[in-house]
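These notes are about the structure you will find just below.
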Amino acid sequence: MKRREFIAATAALLVSPRRAWAQGPRRRLGFLALGDASGRAPNQAELALLDGLRDHGWIDGRNLTIDYRFAQPQDRAPALAAELIPLHPDVLIAAGPQAVLALKSATATVPIVFVAVFDPVALGLVESLSRPSGNITGLATYVPGEWVAKRIEILRELVPGASKIAILVNPGNPIHRLLLAEEIPSTARNLGVALPIVEATTAEELDIAFASAAAQRADAIIVFGDALTWVEGPRVIALAAKDHLPAIYLFRQVAEGGLIVYGPDIADLFRRAGGYVDKILKGTKPADLPVEQPTKFEMMINLKTAKALGLTVPPSLLVRADEVIE
C-alpha cells in the first residue's frame, strides 16, 4: 500500500470507528411482536429501533440481518418464536410481554432484549431490575406508583363527577391479568369508583367491548396498552367517538384522534433498545445489563376531540400537557 493510501485509511479508522466496526461480519437479530404483518409498513416503534441500532453503527442489510415475525392471532407467538431459533440469531428482540414469554420458552441461551413490558419481575422474566440474571434484559414501561389511579385522576379532571370508568383489557395479556387481580380492585375501593371491565383479544371483539361499556353507561374508558390497541389504534379511536366515550390511551400514535394520551414514550424505549443490542453484540451478557425504566413520560390532549365530545379541558390539565392538539 502506498504511503498516502495508508495515511488516508488510518485517518478514516480514527475518525469513523463505527464505520470500522461495520466492516466486520454481518450479525443476525430476531424480532418478535404481535400483530398482522401483511401489507404493512414499519410502525413508529420499529423505525425507532432501527434508528437506535443505526446510532451504534448497525444497519439492517449492511452489517445486520433482521428476521421479523408477527403473531396474528397472538397464540401463534410460541410457534413463531420457535421458528427464529434455528436461524441462529445473535440477539432476539421481543416487543411486549406475550412476545418475550414466547421467546423465553424457546431458548435459555440466546440473549433476549424485551421492550415495553410493564413489570418484568412480576412476570418472572428477571430476578430483579438491577440484576436480571439469565439471558433476558430490556426496557420496562412501569415506574412504581398508582398506575390505574393516575389515569382515573386525569379523567375525573376532564369529566367531573365520573363515577363509572370502564377499563379495556386483553385477557391474553399477562400484565393485564396481573392488574385485574391486584391493582384494579384496590383502586376501585380506595377511590370509590366503579371500574367495569370490558375485554377484547381480536379486532372484532373491540366493537363488542365498546358496546358493552356504553351499555353499562360508563362515563369514560381507560384503554390499556397492548399490541392489539397499538395495531388497531384507529379502530379504537373510532369506537370511542361512536359511543361518545372520553378515553385515555397509552400510546402516542393515537394522539391525532384520541382524547388524551398519558404514558411513557414508547418510541424512546425502542430507540434505547438499540444500545442494549449493541452492547450484547460486543460481548456484554444480558445478566450484566440492568433493566431500565422509562425516563420520558408524555401527556397529549386533543382539543378537537374534546370539543366533539362536548368537553371543556380545564387549565389544570392544559398546563401539564406536553402537547396540545388543536
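Residue numbers start at 1 in each chain; chains themselves are named A, B, ... in the order of the C-alpha cells; ligands are numbered from 1 in the order shown.
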
Contacts of Ala209 (chain A) within 8 Å, only C-alpha atoms, excl. fewer than 6 positions in-chain, as a VMD selection string:
chain A and resid 168 198 to 200

Export N, CA and C atoms of the chosen residues as a compact mmCIF listing (two decimals), in the first residue's frame?
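Written output follows (part28.txt):
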```txt
# COMPACT_ATOMS: atom_id res chain seq x y z
N LEU A 168 -60.62 -1.18 29.32
CA LEU A 168 -60.48 -2.13 28.21
C LEU A 168 -59.20 -2.93 28.39
N VAL A 198 -64.12 -4.44 30.35
CA VAL A 198 -64.56 -4.92 29.03
C VAL A 198 -63.33 -5.52 28.35
N GLU A 199 -63.53 -6.63 27.63
CA GLU A 199 -62.39 -7.41 27.14
C GLU A 199 -62.40 -7.53 25.62
N ALA A 200 -61.19 -7.60 25.06
CA ALA A 200 -61.03 -7.84 23.62
C ALA A 200 -59.69 -8.49 23.37
```

Quick one: residues within 10 Å of Pro196 (chain A), only C-alpha atoms counted, chain neighbours fewer than 4 positions away excluded, as a PyMOL selection string?
chain A and resi 164-168+184+188+212-213+216+218+221

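Between CA of Leu47 (chain A) and CA of Glu232 (chain A) lies a distance of 18.1 Å.
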
Report as a list in words all protein, DNA and RNA residues lying within 7 Å of region 50-67 of chain A, evaluated on only C-alpha atoms, omitting residues in the same chain fewer than 2 positions from it.
Arg18, Arg19, Ala22, Pro25, Arg26, Arg27, Arg28, Leu29, Gly30, Phe31, Glu46, Leu47, Ala48, Arg69, Arg271, Arg272, Ala273, Gly274, Gly275 and Asp278 of chain A

Looking only at strand (DSSP E or B) from DSSP on the backbone, list the matching residues of region 166-235 of chain A as a PyMOL selection string.
chain A and resi 166-169+194+197-199+220-223

Selection above as a file: all heavy atoms, as a PDB file, in the first residue's frame:
```pdb
ATOM      1  N   ALA A 166     -64.952   2.562  32.608  1.00  0.00           N
ATOM      2  CA  ALA A 166     -64.661   1.232  32.065  1.00  0.00           C
ATOM      3  C   ALA A 166     -63.165   1.086  31.801  1.00  0.00           C
ATOM      4  O   ALA A 166     -62.456   2.073  31.576  1.00  0.00           O
ATOM      5  CB  ALA A 166     -65.450   1.007  30.781  1.00  0.00           C
ATOM      6  N   ILE A 167     -62.700  -0.150  31.828  1.00  0.00           N
ATOM      7  CA  ILE A 167     -61.302  -0.433  31.517  1.00  0.00           C
ATOM      8  C   ILE A 167     -61.263  -1.511  30.436  1.00  0.00           C
ATOM      9  O   ILE A 167     -61.811  -2.596  30.607  1.00  0.00           O
ATOM     10  CB  ILE A 167     -60.522  -0.904  32.761  1.00  0.00           C
ATOM     11  CG1 ILE A 167     -60.536   0.186  33.839  1.00  0.00           C
ATOM     12  CG2 ILE A 167     -59.091  -1.258  32.385  1.00  0.00           C
ATOM     13  CD1 ILE A 167     -59.770  -0.171  35.092  1.00  0.00           C
ATOM     14  N   LEU A 168     -60.616  -1.177  29.318  1.00  0.00           N
ATOM     15  CA  LEU A 168     -60.479  -2.126  28.208  1.00  0.00           C
ATOM     16  C   LEU A 168     -59.197  -2.927  28.393  1.00  0.00           C
ATOM     17  O   LEU A 168     -58.102  -2.369  28.430  1.00  0.00           O
ATOM     18  CB  LEU A 168     -60.442  -1.375  26.877  1.00  0.00           C
ATOM     19  CG  LEU A 168     -60.157  -2.231  25.638  1.00  0.00           C
ATOM     20  CD1 LEU A 168     -61.253  -3.266  25.408  1.00  0.00           C
ATOM     21  CD2 LEU A 168     -59.985  -1.354  24.402  1.00  0.00           C
ATOM     22  N   VAL A 169     -59.350  -4.249  28.507  1.00  0.00           N
ATOM     23  CA  VAL A 169     -58.199  -5.125  28.715  1.00  0.00           C
ATOM     24  C   VAL A 169     -58.196  -6.236  27.673  1.00  0.00           C
ATOM     25  O   VAL A 169     -59.225  -6.567  27.080  1.00  0.00           O
ATOM     26  CB  VAL A 169     -58.194  -5.751  30.125  1.00  0.00           C
ATOM     27  CG1 VAL A 169     -58.260  -4.688  31.201  1.00  0.00           C
ATOM     28  CG2 VAL A 169     -59.340  -6.740  30.287  1.00  0.00           C
ATOM     29  N   ALA A 194     -66.609   2.862  40.295  1.00  0.00           N
ATOM     30  CA  ALA A 194     -66.889   1.585  39.647  1.00  0.00           C
ATOM     31  C   ALA A 194     -65.984   1.453  38.422  1.00  0.00           C
ATOM     32  O   ALA A 194     -65.870   2.381  37.627  1.00  0.00           O
ATOM     33  CB  ALA A 194     -68.356   1.506  39.229  1.00  0.00           C
ATOM     34  N   ILE A 197     -65.022  -3.982  33.681  1.00  0.00           N
ATOM     35  CA  ILE A 197     -64.011  -4.482  32.761  1.00  0.00           C
ATOM     36  C   ILE A 197     -64.668  -4.921  31.452  1.00  0.00           C
ATOM     37  O   ILE A 197     -65.649  -5.662  31.458  1.00  0.00           O
ATOM     38  CB  ILE A 197     -63.252  -5.672  33.373  1.00  0.00           C
ATOM     39  CG1 ILE A 197     -62.652  -5.277  34.741  1.00  0.00           C
ATOM     40  CG2 ILE A 197     -62.181  -6.164  32.426  1.00  0.00           C
ATOM     41  CD1 ILE A 197     -61.682  -4.128  34.688  1.00  0.00           C
ATOM     42  N   VAL A 198     -64.124  -4.437  30.346  1.00  0.00           N
ATOM     43  CA  VAL A 198     -64.558  -4.915  29.032  1.00  0.00           C
ATOM     44  C   VAL A 198     -63.331  -5.515  28.348  1.00  0.00           C
ATOM     45  O   VAL A 198     -62.222  -4.990  28.473  1.00  0.00           O
ATOM     46  CB  VAL A 198     -65.185  -3.791  28.187  1.00  0.00           C
ATOM     47  CG1 VAL A 198     -66.479  -3.326  28.821  1.00  0.00           C
ATOM     48  CG2 VAL A 198     -64.241  -2.601  28.014  1.00  0.00           C
ATOM     49  N   GLU A 199     -63.531  -6.629  27.631  1.00  0.00           N
ATOM     50  CA  GLU A 199     -62.394  -7.406  27.137  1.00  0.00           C
ATOM     51  C   GLU A 199     -62.399  -7.528  25.619  1.00  0.00           C
ATOM     52  O   GLU A 199     -63.456  -7.579  24.990  1.00  0.00           O
ATOM     53  CB  GLU A 199     -62.422  -8.815  27.741  1.00  0.00           C
ATOM     54  CG  GLU A 199     -62.352  -8.849  29.259  1.00  0.00           C
ATOM     55  CD  GLU A 199     -62.350 -10.275  29.794  1.00  0.00           C
ATOM     56  OE1 GLU A 199     -62.655 -11.210  29.010  1.00  0.00           O
ATOM     57  OE2 GLU A 199     -62.045 -10.461  30.980  1.00  0.00           O
ATOM     58  N   ALA A 220     -66.500   7.158  31.114  1.00  0.00           N
ATOM     59  CA  ALA A 220     -65.242   7.271  30.369  1.00  0.00           C
ATOM     60  C   ALA A 220     -64.638   5.882  30.282  1.00  0.00           C
ATOM     61  O   ALA A 220     -65.193   4.914  30.829  1.00  0.00           O
ATOM     62  CB  ALA A 220     -64.288   8.245  31.062  1.00  0.00           C
ATOM     63  N   ILE A 221     -63.498   5.772  29.597  1.00  0.00           N
ATOM     64  CA  ILE A 221     -62.856   4.462  29.458  1.00  0.00           C
ATOM     65  C   ILE A 221     -61.341   4.623  29.466  1.00  0.00           C
ATOM     66  O   ILE A 221     -60.794   5.584  28.922  1.00  0.00           O
ATOM     67  CB  ILE A 221     -63.329   3.749  28.167  1.00  0.00           C
ATOM     68  CG1 ILE A 221     -62.805   2.306  28.110  1.00  0.00           C
ATOM     69  CG2 ILE A 221     -62.919   4.533  26.916  1.00  0.00           C
ATOM     70  CD1 ILE A 221     -63.477   1.462  27.027  1.00  0.00           C
ATOM     71  N   ILE A 222     -60.668   3.679  30.130  1.00  0.00           N
ATOM     72  CA  ILE A 222     -59.210   3.591  30.120  1.00  0.00           C
ATOM     73  C   ILE A 222     -58.837   2.473  29.155  1.00  0.00           C
ATOM     74  O   ILE A 222     -59.283   1.334  29.321  1.00  0.00           O
ATOM     75  CB  ILE A 222     -58.640   3.293  31.515  1.00  0.00           C
ATOM     76  CG1 ILE A 222     -59.002   4.409  32.505  1.00  0.00           C
ATOM     77  CG2 ILE A 222     -57.123   3.109  31.452  1.00  0.00           C
ATOM     78  CD1 ILE A 222     -58.643   4.074  33.952  1.00  0.00           C
ATOM     79  N   VAL A 223     -58.035   2.785  28.142  1.00  0.00           N
ATOM     80  CA  VAL A 223     -57.598   1.792  27.165  1.00  0.00           C
ATOM     81  C   VAL A 223     -56.198   1.317  27.564  1.00  0.00           C
ATOM     82  O   VAL A 223     -55.229   2.056  27.441  1.00  0.00           O
ATOM     83  CB  VAL A 223     -57.585   2.382  25.748  1.00  0.00           C
ATOM     84  CG1 VAL A 223     -57.074   1.346  24.743  1.00  0.00           C
ATOM     85  CG2 VAL A 223     -58.983   2.864  25.356  1.00  0.00           C
TER      86      VAL A 223
END
```

Taking the chain letters and numbering used in this document, name the residues of region 61-179 of chain A that DSSP puts in alpha helix (DSSP H), as a PyMOL selection string.
chain A and resi 77-84+97-106+147-158+174-179

Go ahead and save the residues from that selection, with N, CA, C and O atoms, as a tab-separated table (two decimals), in the first residue's frame.
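Written file, out.tsv:
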```tsv
chain	number	residue	atom	x	y	z
A	77	ALA	N	-47.61	-16.90	18.76
A	77	ALA	CA	-46.30	-16.41	19.21
A	77	ALA	C	-45.32	-17.53	19.56
A	77	ALA	O	-44.15	-17.48	19.15
A	78	PRO	N	-45.72	-18.57	20.31
A	78	PRO	CA	-44.75	-19.64	20.62
A	78	PRO	C	-44.19	-20.33	19.37
A	78	PRO	O	-42.99	-20.61	19.29
A	79	ALA	N	-45.06	-20.57	18.38
A	79	ALA	CA	-44.59	-21.23	17.16
A	79	ALA	C	-43.62	-20.34	16.39
A	79	ALA	O	-42.60	-20.82	15.85
A	80	LEU	N	-43.90	-19.06	16.33
A	80	LEU	CA	-43.01	-18.13	15.62
A	80	LEU	C	-41.70	-17.95	16.37
A	80	LEU	O	-40.64	-17.78	15.75
A	81	ALA	N	-41.76	-17.96	17.70
A	81	ALA	CA	-40.52	-17.89	18.48
A	81	ALA	C	-39.64	-19.09	18.17
A	81	ALA	O	-38.42	-18.96	18.00
A	82	ALA	N	-40.26	-20.27	18.07
A	82	ALA	CA	-39.51	-21.48	17.75
A	82	ALA	C	-38.91	-21.41	16.35
A	82	ALA	O	-37.85	-22.00	16.10
A	83	GLU	N	-39.56	-20.70	15.43
A	83	GLU	CA	-39.02	-20.53	14.07
A	83	GLU	C	-37.73	-19.72	14.06
A	83	GLU	O	-36.86	-19.94	13.21
A	84	LEU	N	-37.62	-18.77	14.98
A	84	LEU	CA	-36.46	-17.87	14.98
A	84	LEU	C	-35.18	-18.56	15.45
A	84	LEU	O	-34.08	-18.21	15.00
A	97	PRO	N	-45.11	-8.21	26.32
A	97	PRO	CA	-44.98	-9.36	27.23
A	97	PRO	C	-45.24	-10.71	26.57
A	97	PRO	O	-44.55	-11.69	26.86
A	98	GLN	N	-46.26	-10.80	25.70
A	98	GLN	CA	-46.54	-12.09	25.07
A	98	GLN	C	-45.36	-12.57	24.24
A	98	GLN	O	-45.01	-13.75	24.25
A	99	ALA	N	-44.71	-11.63	23.55
A	99	ALA	CA	-43.57	-11.99	22.70
A	99	ALA	C	-42.38	-12.47	23.54
A	99	ALA	O	-41.75	-13.48	23.20
A	100	VAL	N	-42.08	-11.79	24.62
A	100	VAL	CA	-40.90	-12.18	25.40
A	100	VAL	C	-41.16	-13.50	26.14
A	100	VAL	O	-40.25	-14.32	26.29
A	101	LEU	N	-42.39	-13.74	26.58
A	101	LEU	CA	-42.68	-15.02	27.22
A	101	LEU	C	-42.53	-16.17	26.23
A	101	LEU	O	-42.04	-17.25	26.58
A	102	ALA	N	-42.94	-15.95	24.98
A	102	ALA	CA	-42.77	-16.98	23.95
A	102	ALA	C	-41.30	-17.25	23.68
A	102	ALA	O	-40.87	-18.40	23.55
A	103	LEU	N	-40.50	-16.19	23.60
A	103	LEU	CA	-39.07	-16.37	23.36
A	103	LEU	C	-38.37	-17.02	24.55
A	103	LEU	O	-37.46	-17.84	24.38
A	104	LYS	N	-38.82	-16.65	25.74
A	104	LYS	CA	-38.23	-17.26	26.95
A	104	LYS	C	-38.44	-18.77	26.96
A	104	LYS	O	-37.56	-19.53	27.37
A	105	SER	N	-39.61	-19.20	26.48
A	105	SER	CA	-39.89	-20.63	26.42
A	105	SER	C	-39.09	-21.32	25.32
A	105	SER	O	-38.85	-22.53	25.37
A	106	ALA	N	-38.68	-20.55	24.31
A	106	ALA	CA	-37.99	-21.14	23.16
A	106	ALA	C	-36.50	-21.30	23.37
A	106	ALA	O	-35.86	-22.16	22.75
A	147	TRP	N	-50.68	3.28	39.05
A	147	TRP	CA	-50.78	3.38	37.59
A	147	TRP	C	-52.23	3.64	37.15
A	147	TRP	O	-52.50	4.55	36.38
A	148	VAL	N	-53.15	2.83	37.63
A	148	VAL	CA	-54.56	3.00	37.26
A	148	VAL	C	-55.13	4.26	37.89
A	148	VAL	O	-55.86	5.03	37.23
A	149	ALA	N	-54.79	4.51	39.14
A	149	ALA	CA	-55.33	5.67	39.85
A	149	ALA	C	-54.95	6.97	39.16
A	149	ALA	O	-55.74	7.92	39.11
A	150	LYS	N	-53.74	7.04	38.60
A	150	LYS	CA	-53.30	8.26	37.91
A	150	LYS	C	-54.18	8.55	36.71
A	150	LYS	O	-54.56	9.70	36.46
A	151	ARG	N	-54.55	7.54	35.98
A	151	ARG	CA	-55.41	7.73	34.81
A	151	ARG	C	-56.83	8.11	35.20
A	151	ARG	O	-57.47	8.92	34.52
A	152	ILE	N	-57.29	7.56	36.30
A	152	ILE	CA	-58.62	7.94	36.80
A	152	ILE	C	-58.62	9.41	37.21
A	152	ILE	O	-59.56	10.16	36.94
A	153	GLU	N	-57.56	9.81	37.87
A	153	GLU	CA	-57.43	11.20	38.30
A	153	GLU	C	-57.50	12.16	37.10
A	153	GLU	O	-58.20	13.18	37.14
A	154	ILE	N	-56.80	11.81	36.04
A	154	ILE	CA	-56.80	12.66	34.84
A	154	ILE	C	-58.20	12.71	34.22
A	154	ILE	O	-58.70	13.78	33.86
A	155	LEU	N	-58.84	11.55	34.09
A	155	LEU	CA	-60.18	11.52	33.50
A	155	LEU	C	-61.18	12.29	34.35
A	155	LEU	O	-62.07	12.97	33.81
A	156	ARG	N	-61.05	12.23	35.66
A	156	ARG	CA	-62.00	12.94	36.52
A	156	ARG	C	-61.81	14.45	36.45
A	156	ARG	O	-62.76	15.20	36.69
A	157	GLU	N	-60.61	14.90	36.13
A	157	GLU	CA	-60.42	16.33	35.90
A	157	GLU	C	-61.17	16.76	34.65
A	157	GLU	O	-61.72	17.87	34.59
A	158	LEU	N	-61.18	15.91	33.67
A	158	LEU	CA	-61.81	16.23	32.40
A	158	LEU	C	-63.31	15.97	32.41
A	158	LEU	O	-64.09	16.69	31.77
A	174	PRO	N	-50.60	-11.05	29.85
A	174	PRO	CA	-50.33	-11.43	31.25
A	174	PRO	C	-50.25	-10.24	32.20
A	174	PRO	O	-50.58	-10.35	33.37
A	175	ILE	N	-49.82	-9.09	31.69
A	175	ILE	CA	-49.76	-7.90	32.53
A	175	ILE	C	-51.16	-7.44	32.90
A	175	ILE	O	-51.44	-7.04	34.03
A	176	HIS	N	-52.06	-7.48	31.94
A	176	HIS	CA	-53.44	-7.10	32.21
A	176	HIS	C	-54.04	-8.01	33.29
A	176	HIS	O	-54.79	-7.57	34.16
A	177	ARG	N	-53.71	-9.30	33.21
A	177	ARG	CA	-54.22	-10.24	34.22
A	177	ARG	C	-53.70	-9.89	35.62
A	177	ARG	O	-54.43	-9.99	36.61
A	178	LEU	N	-52.43	-9.46	35.69
A	178	LEU	CA	-51.88	-9.05	36.99
A	178	LEU	C	-52.62	-7.84	37.55
A	178	LEU	O	-52.96	-7.79	38.74
A	179	LEU	N	-52.89	-6.87	36.69
A	179	LEU	CA	-53.59	-5.66	37.13
A	179	LEU	C	-55.03	-5.97	37.54
A	179	LEU	O	-55.56	-5.39	38.49
```

Neighbour list for Ala238 (chain A) as number ranges by chain, cut-off 12 Å, only C-alpha atoms, skip fewer than 6 positions in-chain:
A: 206-207, 210, 232, 244-247, 254, 256-259, 305
